[in-house]
$ cat coords.pdb   # PDB, C-alpha atoms and all ligand atoms
ATOM      1  CA  MET A   1      76.754  19.435  50.697  1.00  0.00           C
ATOM      2  CA  GLY A   2      78.117  16.441  52.600  1.00  0.00           C
ATOM      3  CA  CYS A   3      80.446  16.328  55.586  1.00  0.00           C
ATOM      4  CA  GLY A   4      81.179  20.055  55.418  1.00  0.00           C
ATOM      5  CA  ASN A   5      84.860  19.660  54.535  1.00  0.00           C
ATOM      6  CA  ASP A   6      86.323  22.307  52.262  1.00  0.00           C
ATOM      7  CA  ILE A   7      86.477  21.143  48.682  1.00  0.00           C
ATOM      8  CA  ALA A   8      88.197  22.547  45.648  1.00  0.00           C
ATOM      9  CA  GLY A   9      86.507  23.961  42.569  1.00  0.00           C
ATOM     10  CA  GLU A  10      82.883  23.296  41.786  1.00  0.00           C
ATOM     11  CA  GLN A  11      82.499  19.896  43.359  1.00  0.00           C
ATOM     12  CA  ILE A  12      79.253  19.258  45.228  1.00  0.00           C
ATOM     13  CA  VAL A  13      80.611  16.766  47.767  1.00  0.00           C
ATOM     14  CA  CYS A  14      84.096  15.518  48.599  1.00  0.00           C
ATOM     15  CA  MET A  15      85.341  12.216  47.172  1.00  0.00           C
ATOM     16  CA  GLN A  16      84.797  10.458  50.492  1.00  0.00           C
ATOM     17  CA  CYS A  17      81.158  11.566  50.670  1.00  0.00           C
ATOM     18  CA  GLU A  18      80.624  10.615  47.012  1.00  0.00           C
ATOM     19  CA  LEU A  19      81.901   7.097  47.655  1.00  0.00           C
ATOM     20  CA  GLN A  20      79.668   6.774  50.692  1.00  0.00           C
ATOM     21  CA  MET A  21      76.480   7.587  48.804  1.00  0.00           C
ATOM     22  CA  PRO A  22      73.915   4.768  49.060  1.00  0.00           C
ATOM     23  CA  PHE A  23      74.204   3.235  45.575  1.00  0.00           C
ATOM     24  CA  THR A  24      71.700   0.440  44.865  1.00  0.00           C
ATOM     25  CA  ASN A  25      73.395  -1.188  41.840  1.00  0.00           C
ATOM     26  CA  PHE A  26      69.850  -2.023  40.713  1.00  0.00           C
ATOM     27  CA  CYS A  27      70.698  -1.320  37.080  1.00  0.00           C
ATOM     28  CA  LEU A  28      72.695  -4.548  36.993  1.00  0.00           C
ATOM     29  CA  GLN A  29      69.976  -6.634  38.653  1.00  0.00           C
ATOM     30  CA  GLN A  30      67.076  -8.034  36.727  1.00  0.00           C
ATOM     31  CA  ASP A  31      63.897  -8.276  38.870  1.00  0.00           C
ATOM     32  CA  ASN A  32      65.249  -5.659  41.276  1.00  0.00           C
ATOM     33  CA  ALA A  33      62.967  -3.973  43.826  1.00  0.00           C
ATOM     34  CA  VAL A  34      61.988  -1.159  41.450  1.00  0.00           C
ATOM     35  CA  GLU A  35      61.017  -3.545  38.664  1.00  0.00           C
ATOM     36  CA  LYS A  36      59.005  -5.613  41.124  1.00  0.00           C
ATOM     37  CA  ARG A  37      57.084  -2.505  42.060  1.00  0.00           C
ATOM     38  CA  PHE A  38      55.779  -2.276  38.492  1.00  0.00           C
ATOM     39  CA  TRP A  39      55.003  -5.956  38.003  1.00  0.00           C
ATOM     40  CA  GLY A  40      51.457  -6.452  36.806  1.00  0.00           C
ATOM     41  CA  ARG A  41      50.995  -2.698  36.535  1.00  0.00           C
ATOM     42  CA  LEU A  42      53.116  -1.494  33.653  1.00  0.00           C
ATOM     43  CA  PRO A  43      54.993  -3.369  30.902  1.00  0.00           C
ATOM     44  CA  ILE A  44      58.560  -2.105  31.217  1.00  0.00           C
ATOM     45  CA  HIS A  45      61.821  -3.208  29.680  1.00  0.00           C
ATOM     46  CA  ALA A  46      63.998  -2.286  32.671  1.00  0.00           C
ATOM     47  CA  ALA A  47      63.771  -0.121  35.777  1.00  0.00           C
ATOM     48  CA  ALA A  48      66.221   1.029  38.424  1.00  0.00           C
ATOM     49  CA  SER A  49      66.983   3.670  41.011  1.00  0.00           C
ATOM     50  CA  THR A  50      70.511   4.940  41.496  1.00  0.00           C
ATOM     51  CA  PHE A  51      70.353   5.457  45.279  1.00  0.00           C
ATOM     52  CA  TYR A  52      68.396   4.310  48.292  1.00  0.00           C
ATOM     53  CA  PHE A  53      66.421   7.134  49.838  1.00  0.00           C
ATOM     54  CA  THR A  54      66.322   7.353  53.609  1.00  0.00           C
ATOM     55  CA  LYS A  55      65.031  10.077  55.856  1.00  0.00           C
ATOM     56  CA  GLY A  56      67.661  12.348  57.376  1.00  0.00           C
ATOM     57  CA  SER A  57      70.290  11.291  54.841  1.00  0.00           C
ATOM     58  CA  GLN A  58      72.701  13.488  52.948  1.00  0.00           C
ATOM     59  CA  LEU A  59      70.788  12.554  49.798  1.00  0.00           C
ATOM     60  CA  GLN A  60      67.583  13.919  51.295  1.00  0.00           C
ATOM     61  CA  ASN A  61      69.358  17.230  51.965  1.00  0.00           C
ATOM     62  CA  MET A  62      70.550  17.299  48.363  1.00  0.00           C
ATOM     63  CA  LEU A  63      67.060  16.616  47.034  1.00  0.00           C
ATOM     64  CA  HIS A  64      65.649  19.310  49.259  1.00  0.00           C
ATOM     65  CA  ALA A  65      68.191  21.790  47.887  1.00  0.00           C
ATOM     66  CA  LEU A  66      67.277  20.776  44.335  1.00  0.00           C
ATOM     67  CA  LYS A  67      63.512  20.967  44.829  1.00  0.00           C
ATOM     68  CA  TYR A  68      63.062  23.868  47.218  1.00  0.00           C
ATOM     69  CA  LYS A  69      66.240  25.965  47.234  1.00  0.00           C
ATOM     70  CA  GLY A  70      66.724  26.429  43.510  1.00  0.00           C
ATOM     71  CA  ASN A  71      70.017  24.528  43.549  1.00  0.00           C
ATOM     72  CA  LYS A  72      70.187  23.109  40.020  1.00  0.00           C
ATOM     73  CA  GLU A  73      73.912  22.314  40.356  1.00  0.00           C
ATOM     74  CA  ILE A  74      73.002  19.546  42.777  1.00  0.00           C
ATOM     75  CA  GLY A  75      70.654  18.182  40.125  1.00  0.00           C
ATOM     76  CA  TYR A  76      73.401  18.123  37.510  1.00  0.00           C
ATOM     77  CA  PHE A  77      75.717  16.339  39.943  1.00  0.00           C
ATOM     78  CA  LEU A  78      73.064  13.738  40.802  1.00  0.00           C
ATOM     79  CA  GLY A  79      72.009  13.317  37.172  1.00  0.00           C
ATOM     80  CA  ARG A  80      75.608  12.574  36.192  1.00  0.00           C
ATOM     81  CA  GLN A  81      75.713   9.869  38.858  1.00  0.00           C
ATOM     82  CA  MET A  82      72.571   8.347  37.331  1.00  0.00           C
ATOM     83  CA  ALA A  83      74.120   8.403  33.850  1.00  0.00           C
ATOM     84  CA  VAL A  84      77.398   6.870  34.943  1.00  0.00           C
ATOM     85  CA  GLN A  85      75.527   3.979  36.593  1.00  0.00           C
ATOM     86  CA  ILE A  86      73.542   2.993  33.498  1.00  0.00           C
ATOM     87  CA  LYS A  87      76.277   3.821  30.990  1.00  0.00           C
ATOM     88  CA  ASP A  88      77.756   0.336  30.766  1.00  0.00           C
ATOM     89  CA  CYS A  89      74.614  -1.522  31.715  1.00  0.00           C
ATOM     90  CA  ASP A  90      73.265  -3.844  28.994  1.00  0.00           C
ATOM     91  CA  ARG A  91      69.719  -3.597  30.212  1.00  0.00           C
ATOM     92  CA  PHE A  92      69.698   0.168  29.611  1.00  0.00           C
ATOM     93  CA  ARG A  93      71.410   0.049  26.227  1.00  0.00           C
ATOM     94  CA  GLY A  94      69.712   1.538  23.176  1.00  0.00           C
ATOM     95  CA  ILE A  95      67.734   4.249  24.969  1.00  0.00           C
ATOM     96  CA  ASP A  96      66.982   7.007  22.472  1.00  0.00           C
ATOM     97  CA  ALA A  97      64.708   9.407  24.371  1.00  0.00           C
ATOM     98  CA  LEU A  98      64.892  10.792  27.903  1.00  0.00           C
ATOM     99  CA  VAL A  99      61.486  11.856  29.226  1.00  0.00           C
ATOM    100  CA  PRO A 100      61.307  13.729  32.543  1.00  0.00           C
ATOM    101  CA  LEU A 101      58.181  13.048  34.577  1.00  0.00           C
ATOM    102  CA  PRO A 102      56.199  16.266  34.068  1.00  0.00           C
ATOM    103  CA  LEU A 103      55.303  18.479  37.008  1.00  0.00           C
ATOM    104  CA  PHE A 104      52.046  20.338  37.288  1.00  0.00           C
ATOM    105  CA  ALA A 105      52.504  23.511  35.217  1.00  0.00           C
ATOM    106  CA  SER A 106      51.744  25.672  38.261  1.00  0.00           C
ATOM    107  CA  ARG A 107      54.407  23.933  40.383  1.00  0.00           C
ATOM    108  CA  GLU A 108      57.017  24.171  37.631  1.00  0.00           C
ATOM    109  CA  LYS A 109      56.292  27.878  37.232  1.00  0.00           C
ATOM    110  CA  LYS A 110      56.732  28.439  40.964  1.00  0.00           C
ATOM    111  CA  ARG A 111      59.962  26.407  41.149  1.00  0.00           C
ATOM    112  CA  GLY A 112      61.322  27.781  37.886  1.00  0.00           C
ATOM    113  CA  TYR A 113      62.226  24.334  36.571  1.00  0.00           C
ATOM    114  CA  ASN A 114      61.282  20.684  36.689  1.00  0.00           C
ATOM    115  CA  GLN A 115      63.877  18.817  38.779  1.00  0.00           C
ATOM    116  CA  ALA A 116      63.390  15.696  36.634  1.00  0.00           C
ATOM    117  CA  THR A 117      64.318  17.762  33.577  1.00  0.00           C
ATOM    118  CA  VAL A 118      67.520  18.907  35.316  1.00  0.00           C
ATOM    119  CA  LEU A 119      68.399  15.253  35.975  1.00  0.00           C
ATOM    120  CA  CYS A 120      67.627  14.426  32.325  1.00  0.00           C
ATOM    121  CA  GLU A 121      69.840  17.250  31.072  1.00  0.00           C
ATOM    122  CA  ALA A 122      72.778  15.878  33.049  1.00  0.00           C
ATOM    123  CA  ILE A 123      72.107  12.331  31.800  1.00  0.00           C
ATOM    124  CA  SER A 124      71.851  13.712  28.277  1.00  0.00           C
ATOM    125  CA  ASP A 125      75.236  15.423  28.624  1.00  0.00           C
ATOM    126  CA  VAL A 126      76.940  12.181  29.604  1.00  0.00           C
ATOM    127  CA  LEU A 127      75.122   9.733  27.322  1.00  0.00           C
ATOM    128  CA  GLN A 128      74.330  12.000  24.350  1.00  0.00           C
ATOM    129  CA  ILE A 129      70.649  11.068  24.323  1.00  0.00           C
ATOM    130  CA  PRO A 130      68.043  13.783  23.592  1.00  0.00           C
ATOM    131  CA  VAL A 131      65.581  15.000  26.237  1.00  0.00           C
ATOM    132  CA  ILE A 132      61.983  15.038  25.009  1.00  0.00           C
ATOM    133  CA  GLU A 133      59.925  17.278  27.258  1.00  0.00           C
ATOM    134  CA  ASN A 134      56.778  18.163  25.391  1.00  0.00           C
ATOM    135  CA  ALA A 135      55.342  14.816  24.394  1.00  0.00           C
ATOM    136  CA  VAL A 136      53.415  14.132  27.570  1.00  0.00           C
ATOM    137  CA  LYS A 137      51.647  16.661  29.735  1.00  0.00           C
ATOM    138  CA  ARG A 138      50.500  16.551  33.347  1.00  0.00           C
ATOM    139  CA  LEU A 139      46.953  17.766  33.618  1.00  0.00           C
ATOM    140  CA  SER A 140      45.526  20.144  36.144  1.00  0.00           C
ATOM    141  CA  ALA A 141      42.054  19.536  37.574  1.00  0.00           C
ATOM    142  CA  THR A 142      40.365  21.784  34.996  1.00  0.00           C
ATOM    143  CA  GLU A 143      42.160  20.241  32.046  1.00  0.00           C
ATOM    144  CA  THR A 144      41.331  16.788  33.341  1.00  0.00           C
ATOM    145  CA  GLN A 145      37.643  17.568  32.995  1.00  0.00           C
ATOM    146  CA  THR A 146      38.240  18.559  29.371  1.00  0.00           C
ATOM    147  CA  HIS A 147      40.013  15.330  28.460  1.00  0.00           C
ATOM    148  CA  LYS A 148      37.908  13.019  30.561  1.00  0.00           C
ATOM    149  CA  SER A 149      36.150  10.218  28.787  1.00  0.00           C
ATOM    150  CA  ARG A 150      33.617   7.825  30.228  1.00  0.00           C
ATOM    151  CA  GLU A 151      36.106   4.978  30.539  1.00  0.00           C
ATOM    152  CA  GLU A 152      38.602   7.075  32.430  1.00  0.00           C
ATOM    153  CA  ARG A 153      38.312   6.843  36.171  1.00  0.00           C
ATOM    154  CA  TRP A 154      41.201   8.451  37.947  1.00  0.00           C
ATOM    155  CA  GLU A 155      41.710   7.716  41.584  1.00  0.00           C
ATOM    156  CA  ASN A 156      43.735  10.709  42.650  1.00  0.00           C
ATOM    157  CA  MET A 157      45.111  14.024  41.495  1.00  0.00           C
ATOM    158  CA  GLU A 158      48.672  12.767  41.123  1.00  0.00           C
ATOM    159  CA  GLY A 159      48.022  10.463  38.252  1.00  0.00           C
ATOM    160  CA  LYS A 160      46.702  12.419  35.326  1.00  0.00           C
ATOM    161  CA  PHE A 161      48.757  12.605  32.183  1.00  0.00           C
ATOM    162  CA  PHE A 162      48.007  13.141  28.522  1.00  0.00           C
ATOM    163  CA  LEU A 163      50.115  12.109  25.531  1.00  0.00           C
ATOM    164  CA  GLU A 164      49.967  15.258  23.485  1.00  0.00           C
ATOM    165  CA  GLU A 165      52.674  14.629  20.870  1.00  0.00           C
ATOM    166  CA  ALA A 166      52.746  10.880  20.256  1.00  0.00           C
ATOM    167  CA  ALA A 167      54.782  11.380  17.069  1.00  0.00           C
ATOM    168  CA  LEU A 168      57.790  12.520  19.132  1.00  0.00           C
ATOM    169  CA  LEU A 169      57.955   9.102  20.794  1.00  0.00           C
ATOM    170  CA  MET A 170      56.928   6.713  18.031  1.00  0.00           C
ATOM    171  CA  HIS A 171      59.239   3.666  17.887  1.00  0.00           C
ATOM    172  CA  LYS A 172      61.441   5.162  20.587  1.00  0.00           C
ATOM    173  CA  ASN A 173      63.158   3.328  23.379  1.00  0.00           C
ATOM    174  CA  ILE A 174      62.070   5.699  26.152  1.00  0.00           C
ATOM    175  CA  LEU A 175      63.696   6.253  29.543  1.00  0.00           C
ATOM    176  CA  LEU A 176      61.216   7.900  31.917  1.00  0.00           C
ATOM    177  CA  VAL A 177      63.087   9.786  34.656  1.00  0.00           C
ATOM    178  CA  ASP A 178      61.954  10.964  38.090  1.00  0.00           C
ATOM    179  CA  ASP A 179      63.554  11.967  41.392  1.00  0.00           C
ATOM    180  CA  VAL A 180      62.101   9.576  43.986  1.00  0.00           C
ATOM    181  CA  ILE A 181      60.030   6.415  43.558  1.00  0.00           C
ATOM    182  CA  THR A 182      57.687   5.741  46.454  1.00  0.00           C
ATOM    183  CA  THR A 183      54.541   3.869  45.424  1.00  0.00           C
ATOM    184  CA  GLY A 184      55.304   4.234  41.720  1.00  0.00           C
ATOM    185  CA  ALA A 185      51.698   5.249  41.026  1.00  0.00           C
ATOM    186  CA  THR A 186      52.608   8.529  39.329  1.00  0.00           C
ATOM    187  CA  LEU A 187      55.230   6.915  37.108  1.00  0.00           C
ATOM    188  CA  GLU A 188      52.778   4.153  36.285  1.00  0.00           C
ATOM    189  CA  ALA A 189      50.132   6.651  35.167  1.00  0.00           C
ATOM    190  CA  CYS A 190      52.655   8.554  33.063  1.00  0.00           C
ATOM    191  CA  GLY A 191      54.143   5.353  31.640  1.00  0.00           C
ATOM    192  CA  ILE A 192      50.742   4.124  30.487  1.00  0.00           C
ATOM    193  CA  GLU A 193      50.345   7.334  28.478  1.00  0.00           C
ATOM    194  CA  LEU A 194      53.855   7.108  27.001  1.00  0.00           C
ATOM    195  CA  LEU A 195      53.219   3.564  25.806  1.00  0.00           C
ATOM    196  CA  LYS A 196      50.292   4.808  23.736  1.00  0.00           C
ATOM    197  CA  ALA A 197      52.916   6.059  21.268  1.00  0.00           C
ATOM    198  CA  GLU A 198      53.139   3.446  18.507  1.00  0.00           C
ATOM    199  CA  GLY A 199      56.060   1.057  18.829  1.00  0.00           C
ATOM    200  CA  ALA A 200      57.387   2.711  21.995  1.00  0.00           C
ATOM    201  CA  GLN A 201      59.330   0.750  24.604  1.00  0.00           C
ATOM    202  CA  LEU A 202      59.599   1.955  28.182  1.00  0.00           C
ATOM    203  CA  SER A 203      62.271   1.851  30.862  1.00  0.00           C
ATOM    204  CA  ILE A 204      62.290   3.789  34.129  1.00  0.00           C
ATOM    205  CA  LEU A 205      65.125   5.371  36.092  1.00  0.00           C
ATOM    206  CA  SER A 206      64.762   7.309  39.305  1.00  0.00           C
ATOM    207  CA  LEU A 207      67.396   9.041  41.329  1.00  0.00           C
ATOM    208  CA  ALA A 208      66.238   7.415  44.552  1.00  0.00           C
ATOM    209  CA  PHE A 209      64.122   4.568  45.804  1.00  0.00           C
ATOM    210  CA  ALA A 210      62.148   4.905  49.033  1.00  0.00           C
ATOM    211  CA  VAL A 211      62.249   1.607  50.888  1.00  0.00           C
ATOM    212  CA  ASP A 212      60.285   2.465  54.006  1.00  0.00           C
ATOM    213  CA  GLU A 213      56.676   2.558  52.917  1.00  0.00           C
TER     214      GLU A 213
HETATM  215 ZN    ZN A 301      82.616  15.085  52.513  1.00  0.00          ZN
END
$ encode --input "coords.pdb" --output "structure tokens"
Amino acid sequence: MGCGNDIAGEQIVCMQCELQMPFTNFCLQQDNAVEKRFWGRLPIHAAASTFYFTKGSQLQNMLHALKYKGNKEIGYFLGRQMAVQIKDCDRFRGIDALVPLPLFASREKKRGYNQATVLCEAISDVLQIPVIENAVKRLSATETQTHKSREERWENMEGKFFLEEAALLMHKNILLVDDVITTGATLEACGIELLKAEGAQLSILSLAFAVDE
């Protein structure tokens, strides 16, 4: 997937390419750029992205393969990188539930999987933390009408979530996982729902962080 050199076995990129990936090291930095993005919007314990996302990069090619070419192996490779980064990081210690940001049901059906779930499965493999997929649901336009209350005023279609199984997340230290953070609005909307579970604490980890907004 990287420089095109032949590699042995089932590796995704060669060692050289792996070392050259744009790691942020955000997980070690309190008040990093991802956390700042959520300031005043969402009470989080910690947040980080593993890589910087830039257009035309090798990482963008990998994400494209994961999201549009059905290449789940790339997702497992990238998810392992995410896990390894937070493994020895104090600020991400004590996580006991991995929650992938839900896709619209129609999009997940078309793609065959949720790429955030693939990332979570790889993280789960490394860190031995369960993935909890069915607690929060992303609503389609029709369903949104059903759940809408007078106080709820949603600004756009991206940000509609519903905590369906709060009991699954009660008193959990949740890590919400997504592929790329841009504005953070979708994660914010989902995070607000997750925090409705009694005693829940929230941290956020994304594979990549888009700097050029
Ligand atoms: Zn290479």
$ residues_near_ligand --input "coords.pdb" --ligand "ligand ZN 301 (chain A)" --cutoff "7 Å" --atoms "all atoms listed in the file" --output "ChimeraX atom specification"
/A:2-5,13-17
$ write_last_selection --input "coords.pdb" --atoms "C-alpha atoms" --output "mmCIF file, keeping the file's coordinate frame"
data_model
loop_
_atom_site.group_PDB
_atom_site.id
_atom_site.type_symbol
_atom_site.label_atom_id
_atom_site.label_comp_id
_atom_site.auth_asym_id
_atom_site.auth_seq_id
_atom_site.Cartn_x
_atom_site.Cartn_y
_atom_site.Cartn_z
ATOM 1 C CA GLY A 2 78.117 16.441 52.600
ATOM 2 C CA CYS A 3 80.446 16.328 55.586
ATOM 3 C CA GLY A 4 81.179 20.055 55.418
ATOM 4 C CA ASN A 5 84.860 19.660 54.535
ATOM 5 C CA VAL A 13 80.611 16.766 47.767
ATOM 6 C CA CYS A 14 84.096 15.518 48.599
ATOM 7 C CA MET A 15 85.341 12.216 47.172
ATOM 8 C CA GLN A 16 84.797 10.458 50.492
ATOM 9 C CA CYS A 17 81.158 11.566 50.670
#
$ resolve_selection --input "coords.pdb" --expression "the PyMOL selection byres (((chain A and resi 52-64) around 12) and not hetatm)" --output "PyMOL selection string"
chain A and resi 1-4+12-13+17-18+20-26+33-34+48-51+65-79+115-116+118-119+178-182+206-213
$ resolve_selection --input "coords.pdb" --expression "the PyMOL selection byres (((chain A and resi 177) around 7) and not hetatm)" --output "PyMOL selection string"
chain A and resi 99-101+116+120+175-176+178+204-206
$ atom_distance --input "coords.pdb" --atom1 "atom CA of A:Leu28" --atom2 "atom CA of A:Leu194"
24.3 Å
$ atom_distance --input "coords.pdb" --atom1 "atom CA of A:Glu164" --atom2 "atom CA of A:His45"
22.8 Å
$ residues_around --input "coords.pdb" --residues "A:Ala46" --least-positions-apart "6" --cutoff "8 Å" --atoms "only C-alpha atoms" --output "number ranges by chain"
A: 30, 35, 91-92, 202-204
$ atom_distance --input "coords.pdb" --atom1 "atom CA of A:Ile123" --atom2 "atom CA of A:Asp96"
11.9 Å
$ closest_residue --input "coords.pdb" --among "A:Arg93, A:Arg80, A:Arg138, A:Lys87" --to "A:Ser106" --atoms "only C-alpha atoms"
A:Arg138
$ residues_around --input "coords.pdb" --residues "A:Phe104" --least-positions-apart "6" --cutoff "9 Å" --atoms "all atoms listed in the file" --output "PyMOL selection string"
chain A and resi 137-140
$ resolve_selection --input "coords.pdb" --expression "the PyMOL selection byres (((chain A and resi 130) around 9) and not hetatm)" --output "list in words"
Asp96, Ala97, Leu98, Val99, Cys120, Glu121, Ser124, Asp125, Leu127, Gln128, Ile129, Val131 and Ile132 of chain A
$ build_atoms --input "coords.pdb" --residues "stretch 66-90 of chain A" --atoms "N, CA and C atoms" --output "tab-separated table (two decimals), in the frame of the given file"
chain	number	residue	atom	x	y	z
A	66	LEU	N	67.66	20.78	45.75
A	66	LEU	CA	67.28	20.78	44.34
A	66	LEU	C	65.82	21.22	44.15
A	67	LYS	N	64.94	20.72	45.04
A	67	LYS	CA	63.51	20.97	44.83
A	67	LYS	C	63.02	22.28	45.43
A	68	TYR	N	63.63	22.70	46.52
A	68	TYR	CA	63.06	23.87	47.22
A	68	TYR	C	64.01	25.04	47.38
A	69	LYS	N	65.29	24.86	47.05
A	69	LYS	CA	66.24	25.96	47.23
A	69	LYS	C	66.81	26.46	45.90
A	70	GLY	N	66.26	25.97	44.82
A	70	GLY	CA	66.72	26.43	43.51
A	70	GLY	C	68.13	26.01	43.15
A	71	ASN	N	68.64	24.95	43.80
A	71	ASN	CA	70.02	24.53	43.55
A	71	ASN	C	70.09	23.50	42.41
A	72	LYS	N	70.16	24.01	41.19
A	72	LYS	CA	70.19	23.11	40.02
A	72	LYS	C	71.52	22.36	39.91
A	73	GLU	N	72.59	22.97	40.43
A	73	GLU	CA	73.91	22.31	40.36
A	73	GLU	C	73.89	20.93	41.00
A	74	ILE	N	73.17	20.84	42.11
A	74	ILE	CA	73.00	19.55	42.78
A	74	ILE	C	72.35	18.55	41.82
A	75	GLY	N	71.36	19.04	41.09
A	75	GLY	CA	70.65	18.18	40.12
A	75	GLY	C	71.58	17.68	39.03
A	76	TYR	N	72.46	18.56	38.55
A	76	TYR	CA	73.40	18.12	37.51
A	76	TYR	C	74.38	17.09	38.07
A	77	PHE	N	74.82	17.30	39.29
A	77	PHE	CA	75.72	16.34	39.94
A	77	PHE	C	75.02	14.98	40.08
A	78	LEU	N	73.79	15.00	40.59
A	78	LEU	CA	73.06	13.74	40.80
A	78	LEU	C	72.71	13.06	39.47
A	79	GLY	N	72.33	13.86	38.49
A	79	GLY	CA	72.01	13.32	37.17
A	79	GLY	C	73.21	12.63	36.53
A	80	ARG	N	74.38	13.20	36.74
A	80	ARG	CA	75.61	12.57	36.19
A	80	ARG	C	75.84	11.22	36.86
A	81	GLN	N	75.57	11.15	38.16
A	81	GLN	CA	75.71	9.87	38.86
A	81	GLN	C	74.76	8.82	38.26
A	82	MET	N	73.55	9.26	37.94
A	82	MET	CA	72.57	8.35	37.33
A	82	MET	C	73.08	7.84	35.98
A	83	ALA	N	73.63	8.77	35.19
A	83	ALA	CA	74.12	8.40	33.85
A	83	ALA	C	75.28	7.43	33.93
A	84	VAL	N	76.21	7.71	34.82
A	84	VAL	CA	77.40	6.87	34.94
A	84	VAL	C	77.00	5.45	35.32
A	85	GLN	N	75.97	5.33	36.18
A	85	GLN	CA	75.53	3.98	36.59
A	85	GLN	C	74.95	3.16	35.45
A	86	ILE	N	74.17	3.80	34.56
A	86	ILE	CA	73.54	2.99	33.50
A	86	ILE	C	74.40	2.92	32.23
A	87	LYS	N	75.46	3.69	32.20
A	87	LYS	CA	76.28	3.82	30.99
A	87	LYS	C	76.72	2.47	30.41
A	88	ASP	N	77.23	1.62	31.25
A	88	ASP	CA	77.76	0.34	30.77
A	88	ASP	C	76.83	-0.82	31.11
A	89	CYS	N	75.56	-0.50	31.29
A	89	CYS	CA	74.61	-1.52	31.72
A	89	CYS	C	73.80	-2.00	30.51
A	90	ASP	N	73.93	-3.28	30.17
A	90	ASP	CA	73.26	-3.84	28.99
A	90	ASP	C	71.76	-3.59	28.98
